[in-house]
file data_26.tsv (TSV, C-alpha atoms and all ligand atoms)
chain	number	residue	atom	x	y	z
Y	19	MET	CA	80.52	90.59	126.08
Y	20	THR	CA	81.41	89.03	122.74
Y	21	ALA	CA	79.69	85.97	121.41
Y	22	SER	CA	81.78	82.93	120.65
Y	23	TYR	CA	81.44	79.63	118.88
Y	24	PRO	CA	78.97	77.94	118.54
Y	25	ASN	CA	76.62	80.89	119.19
Y	26	LEU	CA	78.73	82.82	116.75
Y	27	ARG	CA	79.31	81.12	113.43
Y	28	LEU	CA	80.71	83.66	110.99
Y	29	ARG	CA	80.16	81.23	108.15
Y	30	ARG	CA	76.38	81.51	108.66
Y	31	THR	CA	76.12	84.80	106.75
Y	32	ARG	CA	78.47	83.53	104.03
Y	33	ALA	CA	76.43	80.44	103.19
Y	34	SER	CA	74.50	81.80	100.22
Y	35	ALA	CA	74.95	84.37	97.48
Y	36	TRP	CA	71.99	86.49	98.61
Y	37	SER	CA	73.34	86.63	102.14
Y	38	ARG	CA	76.85	87.51	100.98
Y	39	ALA	CA	75.36	90.31	98.90
Y	40	LEU	CA	73.38	91.54	101.89
Y	41	HIS	CA	76.41	91.61	104.18
Y	42	ARG	CA	78.92	93.02	101.71
Y	43	GLU	CA	80.54	96.08	103.32
Y	44	THR	CA	82.15	97.58	100.22
Y	45	VAL	CA	80.85	97.83	96.68
Y	46	LEU	CA	82.45	98.82	93.42
Y	47	ALA	CA	80.46	100.67	90.77
Y	48	PRO	CA	81.34	102.18	87.38
Y	49	ALA	CA	80.95	105.57	89.08
Y	50	ASN	CA	84.13	104.81	91.03
Y	51	LEU	CA	86.26	104.56	87.91
Y	52	ILE	CA	88.37	107.04	85.97
Y	53	TRP	CA	89.59	105.84	82.56
Y	54	PRO	CA	93.08	106.98	81.45
Y	55	LEU	CA	93.35	107.41	77.66
Y	56	PHE	CA	96.39	108.01	75.45
Y	57	VAL	CA	96.01	110.47	72.59
Y	58	THR	CA	97.99	110.50	69.35
Y	59	GLU	CA	97.99	112.64	66.21
Y	60	GLY	CA	96.09	111.80	63.03
Y	61	SER	CA	92.62	110.55	62.34
Y	62	GLY	CA	91.32	107.01	62.40
Y	63	VAL	CA	94.54	105.99	64.15
Y	64	GLU	CA	94.78	103.23	66.72
Y	65	GLU	CA	98.27	102.30	67.93
Y	66	PRO	CA	98.42	99.30	70.27
Y	67	ILE	CA	100.98	99.68	73.08
Y	68	ALA	CA	103.07	96.51	73.30
Y	69	SER	CA	103.86	96.77	77.00
Y	70	LEU	CA	100.19	97.49	77.82
Y	71	PRO	CA	98.36	94.65	76.06
Y	72	GLY	CA	94.79	95.68	75.27
Y	73	VAL	CA	95.50	99.43	75.54
Y	74	SER	CA	95.98	101.67	72.51
Y	75	ARG	CA	96.75	105.25	71.68
Y	76	TRP	CA	93.85	106.79	69.76
Y	77	SER	CA	93.66	109.81	67.52
Y	78	ILE	CA	91.18	112.43	68.68
Y	79	ASP	CA	88.22	110.92	66.79
Y	80	GLY	CA	88.85	107.63	68.60
Y	81	ILE	CA	89.25	109.43	71.92
Y	82	VAL	CA	85.81	110.98	71.47
Y	83	LYS	CA	84.40	107.49	70.85
Y	84	ARG	CA	86.05	106.26	74.04
Y	85	ALA	CA	84.57	109.20	75.95
Y	86	ASN	CA	81.11	108.32	74.64
Y	87	GLU	CA	81.73	104.71	75.57
Y	88	ALA	CA	82.63	105.82	79.10
Y	89	LEU	CA	79.41	107.82	79.24
Y	90	ASP	CA	77.37	104.79	78.20
Y	91	LEU	CA	79.13	102.63	80.78
Y	92	GLY	CA	78.51	105.07	83.64
Y	93	ILE	CA	82.21	105.98	84.01
Y	94	PRO	CA	82.10	109.62	85.13
Y	95	CYS	CA	85.54	110.80	84.08
Y	96	VAL	CA	88.36	110.19	81.61
Y	97	ALA	CA	92.02	111.16	82.06
Y	98	LEU	CA	94.01	112.28	79.03
Y	99	PHE	CA	97.70	111.75	78.24
Y	100	PRO	CA	99.22	112.93	74.97
Y	101	ASN	CA	101.89	111.23	72.89
Y	102	THR	CA	103.52	114.41	71.59
Y	103	GLN	CA	105.27	114.20	68.23
Y	104	ALA	CA	109.04	114.02	68.61
Y	105	GLU	CA	109.63	117.26	66.71
Y	106	ARG	CA	107.36	119.12	69.14
Y	107	ARG	CA	109.35	118.08	72.20
Y	108	SER	CA	111.98	120.44	73.54
Y	109	ASP	CA	114.16	120.97	76.61
Y	110	GLU	CA	111.64	123.47	77.98
Y	111	GLY	CA	108.54	121.51	76.99
Y	112	ALA	CA	107.00	124.65	75.46
Y	113	GLU	CA	104.45	122.58	73.53
Y	114	ALA	CA	102.63	122.14	76.87
Y	115	LEU	CA	101.65	125.81	76.59
Y	116	ASN	CA	100.40	125.67	73.00
Y	117	PRO	CA	96.62	126.25	73.03
Y	118	ASP	CA	96.34	123.97	70.00
Y	119	ASN	CA	98.46	121.12	71.30
Y	120	LEU	CA	97.16	117.56	71.10
Y	121	MET	CA	95.89	117.65	74.66
Y	122	CYS	CA	93.87	120.85	74.24
Y	123	ARG	CA	92.37	119.66	70.96
Y	124	ALA	CA	91.35	116.39	72.62
Y	125	ILE	CA	89.78	118.21	75.58
Y	126	ARG	CA	87.78	120.48	73.26
Y	127	ALA	CA	86.66	117.56	71.10
Y	128	ILE	CA	85.34	115.64	74.12
Y	129	LYS	CA	83.64	118.73	75.50
Y	130	ASP	CA	82.04	119.44	72.11
Y	131	ALA	CA	80.75	115.87	71.87
Y	132	CYS	CA	79.78	115.13	75.46
Y	133	GLY	CA	79.37	118.55	77.07
Y	134	SER	CA	79.20	118.48	80.83
Y	135	ASP	CA	78.04	114.85	80.94
Y	136	ILE	CA	81.56	113.61	81.46
Y	137	GLY	CA	84.54	114.93	83.40
Y	138	VAL	CA	87.89	115.44	81.73
Y	139	LEU	CA	90.94	115.13	83.96
Y	140	THR	CA	94.24	116.42	82.66
Y	141	ASP	CA	97.73	115.66	83.89
Y	142	VAL	CA	99.98	118.61	84.66
Y	143	ALA	CA	103.67	117.76	84.25
Y	144	LEU	CA	106.09	118.36	81.41
Y	145	ASP	CA	107.27	114.81	80.67
Y	146	PRO	CA	105.11	114.26	77.54
Y	147	TYR	CA	106.60	117.48	76.11
Y	148	THR	CA	110.28	117.49	77.11
Y	149	SER	CA	113.10	116.06	75.04
Y	150	HIS	CA	114.68	114.71	78.25
Y	151	GLY	CA	111.57	113.02	79.64
Y	152	GLN	CA	111.71	114.77	83.02
Y	153	ASP	CA	108.54	116.33	84.47
Y	154	GLY	CA	110.06	119.82	84.74
Y	155	LEU	CA	112.84	122.14	83.65
Y	156	ILE	CA	116.37	120.93	84.22
Y	157	ASP	CA	119.53	122.85	85.09
Y	158	ARG	CA	123.02	122.07	83.75
Y	159	GLN	CA	123.43	119.18	86.15
Y	160	GLY	CA	120.12	117.70	85.03
Y	161	TYR	CA	118.44	118.64	88.33
Y	162	VAL	CA	114.74	119.45	87.96
Y	163	THR	CA	114.40	122.98	89.33
Y	164	ASN	CA	111.35	123.63	91.48
Y	165	ASP	CA	110.21	127.24	91.28
Y	166	ASP	CA	110.91	127.76	87.58
Y	167	THR	CA	109.08	124.55	86.83
Y	168	VAL	CA	106.07	125.63	88.91
Y	169	ALA	CA	105.77	128.81	86.86
Y	170	VAL	CA	105.52	126.74	83.66
Y	171	LEU	CA	103.12	124.24	85.24
Y	172	VAL	CA	100.78	127.11	86.14
Y	173	ASP	CA	100.69	128.15	82.48
Y	174	GLN	CA	100.17	124.53	81.42
Y	175	ALA	CA	97.27	124.15	83.86
Y	176	MET	CA	95.69	127.40	82.64
Y	177	ASN	CA	96.07	126.24	79.05
Y	178	GLN	CA	94.18	123.05	79.88
Y	179	ALA	CA	91.51	124.90	81.86
Y	180	GLU	CA	90.96	127.31	78.96
Y	181	ALA	CA	90.43	124.30	76.67
Y	182	GLY	CA	87.75	122.97	79.03
Y	183	ALA	CA	89.46	120.61	81.50
Y	184	ASP	CA	87.33	119.86	84.56
Y	185	ILE	CA	89.97	118.44	86.87
Y	186	ILE	CA	93.58	119.57	86.85
Y	187	ALA	CA	95.82	116.81	88.16
Y	188	PRO	CA	99.39	117.94	88.86
Y	189	SER	CA	101.55	114.81	88.71
Y	190	ASP	CA	104.91	116.55	88.88
Y	191	MET	CA	105.58	116.53	92.65
Y	192	MET	CA	107.10	120.03	92.71
Y	193	ASP	CA	106.70	121.89	96.01
Y	194	GLY	CA	104.11	124.64	96.03
Y	195	ARG	CA	102.48	123.90	92.69
Y	196	VAL	CA	98.97	123.34	94.02
Y	197	ARG	CA	98.80	126.79	95.59
Y	198	ALA	CA	100.19	128.45	92.47
Y	199	ILE	CA	97.74	126.63	90.19
Y	200	ARG	CA	94.78	127.26	92.53
Y	201	MET	CA	95.52	130.99	92.60
Y	202	ALA	CA	95.85	131.19	88.83
Y	203	LEU	CA	92.57	129.32	88.33
Y	204	GLU	CA	90.80	131.66	90.77
Y	205	MET	CA	92.21	134.79	89.18
Y	206	GLY	CA	91.67	133.49	85.67
Y	207	GLY	CA	87.94	132.83	85.88
Y	208	HIS	CA	88.15	129.08	86.53
Y	209	ALA	CA	87.06	128.93	90.15
Y	210	ASN	CA	85.09	125.73	89.56
Y	211	VAL	CA	87.92	123.80	87.96
Y	212	GLN	CA	88.98	121.17	90.47
Y	213	ILE	CA	92.47	120.16	91.49
Y	214	MET	CA	93.15	116.48	92.17
Y	215	SER	CA	96.76	116.46	93.23
Y	216	TYR	CA	99.02	113.50	92.80
Y	217	ALA	CA	99.90	114.16	96.43
Y	218	ALA	CA	101.75	110.97	97.31
Y	219	LYS	CA	103.42	109.89	94.14
Y	220	TYR	CA	106.30	107.49	94.52
Y	221	ALA	CA	109.43	107.03	92.40
Y	222	SER	CA	108.18	103.66	91.25
Y	223	ALA	CA	109.28	100.85	88.96
Y	224	PHE	CA	105.65	100.41	87.92
Y	225	TYR	CA	105.51	103.32	85.43
Y	226	GLY	CA	107.44	101.72	82.56
Y	227	PRO	CA	104.57	100.93	80.16
Y	228	PHE	CA	103.09	104.42	80.66
Y	229	ARG	CA	106.37	105.97	79.58
Y	230	ASP	CA	106.23	103.81	76.44
Y	231	ALA	CA	102.67	105.00	75.86
Y	232	VAL	CA	103.50	108.71	76.00
Y	233	GLY	CA	106.86	108.16	74.33
Y	234	SER	CA	108.99	109.57	77.15
Y	235	GLY	CA	110.57	106.30	78.29
Y	236	GLY	CA	113.33	106.12	75.71
Y	237	LEU	CA	114.16	109.80	76.27
Y	238	LEU	CA	114.40	109.76	80.04
Y	239	LYS	CA	117.89	110.31	81.39
Y	240	GLY	CA	118.40	109.36	85.00
Y	241	ASP	CA	115.45	108.89	87.33
Y	242	LYS	CA	112.78	111.00	89.08
Y	243	LYS	CA	113.91	110.39	92.66
Y	244	SER	CA	114.69	114.04	93.39
Y	245	TYR	CA	110.97	114.84	93.20
Y	246	GLN	CA	108.91	111.64	93.37
Y	247	MET	CA	108.79	110.02	96.81
Y	248	ASP	CA	110.93	107.28	98.27
Y	249	PRO	CA	108.91	104.04	98.44
Y	250	GLY	CA	109.99	103.56	102.06
Y	251	ASN	CA	108.19	106.65	103.29
Y	252	ALA	CA	104.70	106.89	104.75
Y	253	GLU	CA	104.90	109.84	107.16
Y	254	GLU	CA	106.19	111.92	104.31
Y	255	ALA	CA	103.11	110.97	102.28
Y	256	LEU	CA	100.92	112.38	105.04
Y	257	ARG	CA	102.94	115.61	104.99
Y	258	GLU	CA	102.58	115.84	101.20
Y	259	VAL	CA	98.83	115.37	101.49
Y	260	ALA	CA	98.53	117.95	104.29
Y	261	LEU	CA	100.45	120.45	102.21
Y	262	ASP	CA	98.41	119.92	99.04
Y	263	LEU	CA	95.12	120.18	100.95
Y	264	ALA	CA	96.28	123.40	102.61
Y	265	GLU	CA	97.25	124.74	99.19
Y	266	GLY	CA	93.79	124.10	97.77
Y	267	ALA	CA	93.55	120.55	96.42
Y	268	ASP	CA	89.94	119.30	96.23
Y	269	SER	CA	91.00	115.67	96.30
Y	270	VAL	CA	94.25	113.79	96.59
Y	271	MET	CA	95.73	110.81	94.83
Y	272	VAL	CA	98.05	108.03	95.91
Y	273	LYS	CA	100.14	106.43	93.20
Y	274	PRO	CA	100.93	103.60	92.43
Y	275	GLY	CA	97.91	101.76	93.79
Y	276	LEU	CA	97.99	98.23	95.15
Y	277	PRO	CA	101.49	98.30	96.69
Y	278	TYR	CA	100.50	101.52	98.50
Y	279	LEU	CA	97.07	100.67	99.97
Y	280	ASP	CA	98.48	101.32	103.44
Y	281	ILE	CA	99.05	104.92	102.36
Y	282	VAL	CA	95.50	105.20	101.03
Y	283	ARG	CA	94.13	103.99	104.34
Y	284	ARG	CA	96.28	106.31	106.44
Y	285	VAL	CA	95.45	109.32	104.29
Y	286	LYS	CA	91.72	108.55	104.45
Y	287	GLU	CA	91.74	108.10	108.23
Y	288	ARG	CA	93.87	111.15	108.92
Y	289	PHE	CA	92.25	113.68	106.58
Y	290	GLU	CA	88.73	112.44	105.77
Y	291	VAL	CA	88.86	113.90	102.26
Y	292	PRO	CA	88.21	112.30	98.85
Y	293	VAL	CA	91.14	109.98	98.12
Y	294	PHE	CA	91.85	108.44	94.73
Y	295	ALA	CA	94.42	105.88	93.69
Y	296	TYR	CA	96.07	105.26	90.36
Y	297	GLN	CA	96.35	101.59	89.46
Y	298	VAL	CA	99.30	102.34	87.22
Y	299	SER	CA	100.49	100.86	83.96
Y	300	GLY	CA	102.87	98.32	85.52
Y	301	GLU	CA	100.09	97.04	87.76
Y	302	TYR	CA	97.79	96.67	84.76
Y	303	ALA	CA	100.54	94.84	82.85
Y	304	MET	CA	101.13	92.55	85.83
Y	305	ILE	CA	97.47	91.51	85.95
Y	306	GLU	CA	97.40	90.93	82.19
Y	307	ALA	CA	100.61	88.89	82.35
Y	308	ALA	CA	99.31	86.82	85.25
Y	309	ALA	CA	96.07	86.09	83.40
Y	310	ALA	CA	97.92	85.28	80.17
Y	311	ALA	CA	100.17	82.87	82.07
Y	312	GLY	CA	97.14	81.11	83.50
Y	313	ALA	CA	98.01	82.26	87.01
Y	314	GLY	CA	94.58	83.73	87.67
Y	315	ASP	CA	91.24	84.57	86.14
Y	316	ARG	CA	91.53	87.97	84.48
Y	317	ASP	CA	88.04	89.25	85.26
Y	318	ALA	CA	88.21	88.11	88.86
Y	319	LEU	CA	91.66	89.69	89.32
Y	320	VAL	CA	90.42	92.96	87.87
Y	321	LEU	CA	87.34	93.19	90.06
Y	322	GLU	CA	89.09	92.04	93.24
Y	323	THR	CA	91.91	94.55	92.91
Y	324	LEU	CA	89.51	97.41	92.19
Y	325	LEU	CA	87.30	96.46	95.13
Y	326	ALA	CA	90.39	96.45	97.35
Y	327	PHE	CA	90.93	100.14	96.54
Y	328	ARG	CA	87.40	100.90	97.66
Y	329	ARG	CA	87.82	98.90	100.87
Y	330	ALA	CA	91.04	100.78	101.63
Y	331	GLY	CA	89.14	104.07	101.43
Y	332	CYS	CA	89.26	105.25	97.82
Y	333	SER	CA	86.44	107.28	96.33
Y	334	GLY	CA	87.65	106.16	92.94
Y	335	VAL	CA	90.43	104.52	90.96
Y	336	LEU	CA	92.21	105.49	87.79
Y	337	THR	CA	92.55	102.23	85.91
Y	338	TYR	CA	93.22	101.08	82.36
Y	339	HIS	CA	90.68	98.33	83.09
Y	340	ALA	CA	87.90	100.90	83.60
Y	341	ALA	CA	85.75	100.07	80.57
Y	342	HIS	CA	86.21	96.33	80.98
Y	343	ALA	CA	85.43	96.52	84.71
Y	344	ALA	CA	82.34	98.64	84.08
Y	345	ARG	CA	81.09	96.00	81.65
Y	346	LEU	CA	81.76	93.24	84.17
Y	347	LEU	CA	79.78	95.24	86.71
Y	348	GLY	CA	76.85	95.05	84.36
Y	349	ALA	CA	76.81	98.60	83.09
W	401	LIG	C1	103.71	111.87	84.40
W	401	LIG	C2	102.96	110.66	84.81
W	401	LIG	C3	103.43	109.35	84.96
W	401	LIG	C4	102.32	108.57	85.21
W	401	LIG	C5	101.21	109.42	85.26
W	401	LIG	N1	101.63	110.71	85.02
W	401	LIG	C6	104.79	108.77	84.75
W	401	LIG	C7	105.91	109.23	85.54
W	401	LIG	O1	105.77	109.93	86.53
W	401	LIG	O2	107.01	108.90	85.12
W	401	LIG	C8	102.34	107.08	85.36
W	401	LIG	C9	101.04	106.38	85.13
W	401	LIG	C10	101.16	104.93	84.85
W	401	LIG	O3	102.23	104.30	84.99
W	401	LIG	O4	100.13	104.35	84.48
W	401	LIG	N2	104.28	112.65	85.35

call {"tool": "encode", "arguments": {"input": "data_26.tsv", "output": "structure tokens", "more": "lines below"}}
Ligand code: PBG
result
Amino acid sequence: MTASYPNLRLRRTRASAWSRALHRETVLAPANLIWPLFVTEGSGVEEPIASLPGVSRWSIDGIVKRANEALDLGIPCVALFPNTQAERRSDEGAEALNPDNLMCRAIRAIKDACGSDIGVLTDVALDPYTSHGQDGLIDRQGYVTNDDTVAVLVDQAMNQAEAGADIIAPSDMMDGRVRAIRMALEMGGHANVQIMSYAAKYASAFYGPFRDAVGSGGLLKGDKKSYQMDPGNAEEALREVALDLAEGADSVMVKPGLPYLDIVRRVKERFEVPVFAYQVSGEYAMIEAAAAAGAGDRDALVLETLLAFRRAGCSGVLTYHAAHAARLLGA
């Protein structure tokens, strides 16, 4: 028997702030945030990214400051993305395997400064290192080949793990890469290095500002539709997630975020594993543009969208708003 009006007045519990707080089903905390950071060469360098207002590339000294800031704010993890110098990019992306590349130096610097107090997540894919901007090796037709690419990604992941990465996050969408990376980590003495796979990553129009940030946008020929998923597909996302979990992923990611909350929910309900979402660069830019145009209150938009990820089932969210949101949450 269900109660009905007037015995049931759902507005009763909404009438005051204390009561709303008491009845709130989902909360957002700084601990639910992962802060993506862009690294550039030099020292004392800050390069604002025009298409990502409020976000900059930092040289490694600045990255270490951001990592300490994250620590102070209660953000448990940062994600690193390098802007590789043009002369170090090549068709094969060999710079990804250099133990002294920008990424590895940034990982070591954070680990030296913050030790095990903060997690460092590193992206595995070749796009910041290739002269063609694709995430893997290409054949003569420009097709990104799977198995050859996986072999390089394994070496890239090992290179990052050796430098001290805590979470390896393959964002390339090749088949079979999670198993190959997991095996290499196990054999190579890195059994405790986690894998958070970009399991359901869509070929999205929301990645533009990110590609500016890592400098791959202008280089990219064609698109990534032969490996990233078709935005119309949901069943396929569940198959991707099942595969990555079977191959040894500790957690899975859905990307982009807000337009794909249905996928987050279905993955969470089906698999009952830690699910993360990436509120990507285009989503960040959209919120900033809306706020700048007076179409909404920036802080409220930020907190509402991040809370929505939690309600949909996310353990955490990668967001460029992480530090700002943590401050709003009173950290
Ligand atoms: C690289 C990668 C991309 C993003 C994260 N890792 C871009 C892409 O796949 O083209 C996008 C993140 C963002 O837009 O914020 N494979």

call {"tool": "closest_atom_pairs", "arguments": {"input": "data_26.tsv", "of": "chain Y", "to": "ligand LIG 401 (chain W)", "cutoff": "6 Å", "atoms": "only C-alpha atoms and all ligand atoms", "output": "Markdown table"}}
result
| residue | atom | partner | partner_atom | distance |
| --- | --- | --- | --- | --- |
| Y:Ala143 | CA | W:LIG401 | N2 | 5.3 |
| Y:Asp145 | CA | W:LIG401 | C1 | 5.9 |
| Y:Asp153 | CA | W:LIG401 | N2 | 5.7 |
| Y:Ser189 | CA | W:LIG401 | N2 | 4.8 |
| Y:Asp190 | CA | W:LIG401 | N2 | 5.3 |
| Y:Phe224 | CA | W:LIG401 | O3 | 6.0 |
| Y:Tyr225 | CA | W:LIG401 | O3 | 3.5 |
| Y:Phe228 | CA | W:LIG401 | O3 | 4.4 |
| Y:Val298 | CA | W:LIG401 | O4 | 3.5 |
| Y:Ser299 | CA | W:LIG401 | O4 | 3.5 |

call {"tool": "residues_around", "arguments": {"input": "data_26.tsv", "residues": "range 254-259 of chain Y", "least_positions_apart": "4", "cutoff": "12 Å", "atoms": "all atoms listed in the file", "output": "NGL selection string"}}
result
:Y and (191-196 or 214-220 or 245-250 or 263-273 or 278 or 280-294)

call {"tool": "closest_residue", "arguments": {"input": "data_26.tsv", "among": "Y:Ile186, Y:Leu40, Y:Met205, Y:Leu46", "to": "Asp141 in chain Y", "atoms": "all atoms listed in the file"}}
result
Y:Ile186

call {"tool": "residues_around", "arguments": {"input": "data_26.tsv", "residues": "Ile199 in chain Y", "least_positions_apart": "3", "cutoff": "8 Å", "atoms": "all atoms listed in the file", "output": "PDB file with C-alpha atoms, in the frame of the given file"}}
result
ATOM      1  CA  LEU Y 171     103.120 124.240  85.240  1.00  0.00           C
ATOM      2  CA  VAL Y 172     100.780 127.110  86.140  1.00  0.00           C
ATOM      3  CA  ALA Y 175      97.270 124.150  83.860  1.00  0.00           C
ATOM      4  CA  MET Y 176      95.690 127.400  82.640  1.00  0.00           C
ATOM      5  CA  ARG Y 195     102.480 123.900  92.690  1.00  0.00           C
ATOM      6  CA  VAL Y 196      98.970 123.340  94.020  1.00  0.00           C
ATOM      7  CA  ALA Y 202      95.850 131.190  88.830  1.00  0.00           C
ATOM      8  CA  LEU Y 203      92.570 129.320  88.330  1.00  0.00           C
TER       9      LEU Y 203
END

call {"tool": "residues_around", "arguments": {"input": "data_26.tsv", "residues": "Ile156 in chain Y", "least_positions_apart": "5", "cutoff": "10 Å", "atoms": "only C-alpha atoms", "output": "MDAnalysis selection string"}}
result
chainID Y and resid 109:110 148 150 161:164 166:167

call {"tool": "closest_residue", "arguments": {"input": "data_26.tsv", "among": "Y:Ser61, Y:Ser149, Y:Ser134, Y:Gln297", "to": "Gln103 in chain Y", "atoms": "all atoms listed in the file"}}
result
Y:Ser149

call {"tool": "build_atoms", "arguments": {"input": "data_26.tsv", "residues": "range 121-136 of chain Y", "atoms": "N, CA and C atoms", "output": "tab-separated table (two decimals), in the coordinates of the input"}}
result
chain	number	residue	atom	x	y	z
Y	121	MET	N	96.70	117.73	73.45
Y	121	MET	CA	95.89	117.65	74.66
Y	121	MET	C	94.70	118.60	74.59
Y	122	CYS	N	94.95	119.86	74.26
Y	122	CYS	CA	93.87	120.85	74.24
Y	122	CYS	C	92.84	120.52	73.16
Y	123	ARG	N	93.32	120.04	72.01
Y	123	ARG	CA	92.37	119.66	70.96
Y	123	ARG	C	91.51	118.48	71.41
Y	124	ALA	N	92.11	117.54	72.13
Y	124	ALA	CA	91.35	116.39	72.62
Y	124	ALA	C	90.32	116.82	73.67
Y	125	ILE	N	90.73	117.71	74.56
Y	125	ILE	CA	89.78	118.21	75.58
Y	125	ILE	C	88.59	118.86	74.89
Y	126	ARG	N	88.87	119.76	73.94
Y	126	ARG	CA	87.78	120.48	73.26
Y	126	ARG	C	86.87	119.52	72.50
Y	127	ALA	N	87.47	118.51	71.87
Y	127	ALA	CA	86.66	117.56	71.10
Y	127	ALA	C	85.71	116.78	72.01
Y	128	ILE	N	86.21	116.37	73.18
Y	128	ILE	CA	85.34	115.64	74.12
Y	128	ILE	C	84.25	116.57	74.63
Y	129	LYS	N	84.63	117.79	74.97
Y	129	LYS	CA	83.64	118.73	75.50
Y	129	LYS	C	82.58	119.09	74.44
Y	130	ASP	N	83.01	119.19	73.18
Y	130	ASP	CA	82.04	119.44	72.11
Y	130	ASP	C	81.07	118.29	71.97
Y	131	ALA	N	81.59	117.06	72.11
Y	131	ALA	CA	80.75	115.87	71.87
Y	131	ALA	C	79.91	115.51	73.09
Y	132	CYS	N	80.44	115.65	74.26
Y	132	CYS	CA	79.78	115.13	75.46
Y	132	CYS	C	79.35	116.22	76.44
Y	133	GLY	N	79.76	117.45	76.20
Y	133	GLY	CA	79.37	118.55	77.07
Y	133	GLY	C	79.78	118.31	78.51
Y	134	SER	N	78.87	118.61	79.41
Y	134	SER	CA	79.20	118.48	80.83
Y	134	SER	C	78.78	117.12	81.38
Y	135	ASP	N	78.46	116.17	80.47
Y	135	ASP	CA	78.04	114.85	80.94
Y	135	ASP	C	79.20	114.01	81.43
Y	136	ILE	N	80.41	114.39	81.03
Y	136	ILE	CA	81.56	113.61	81.46
Y	136	ILE	C	82.69	114.56	81.90
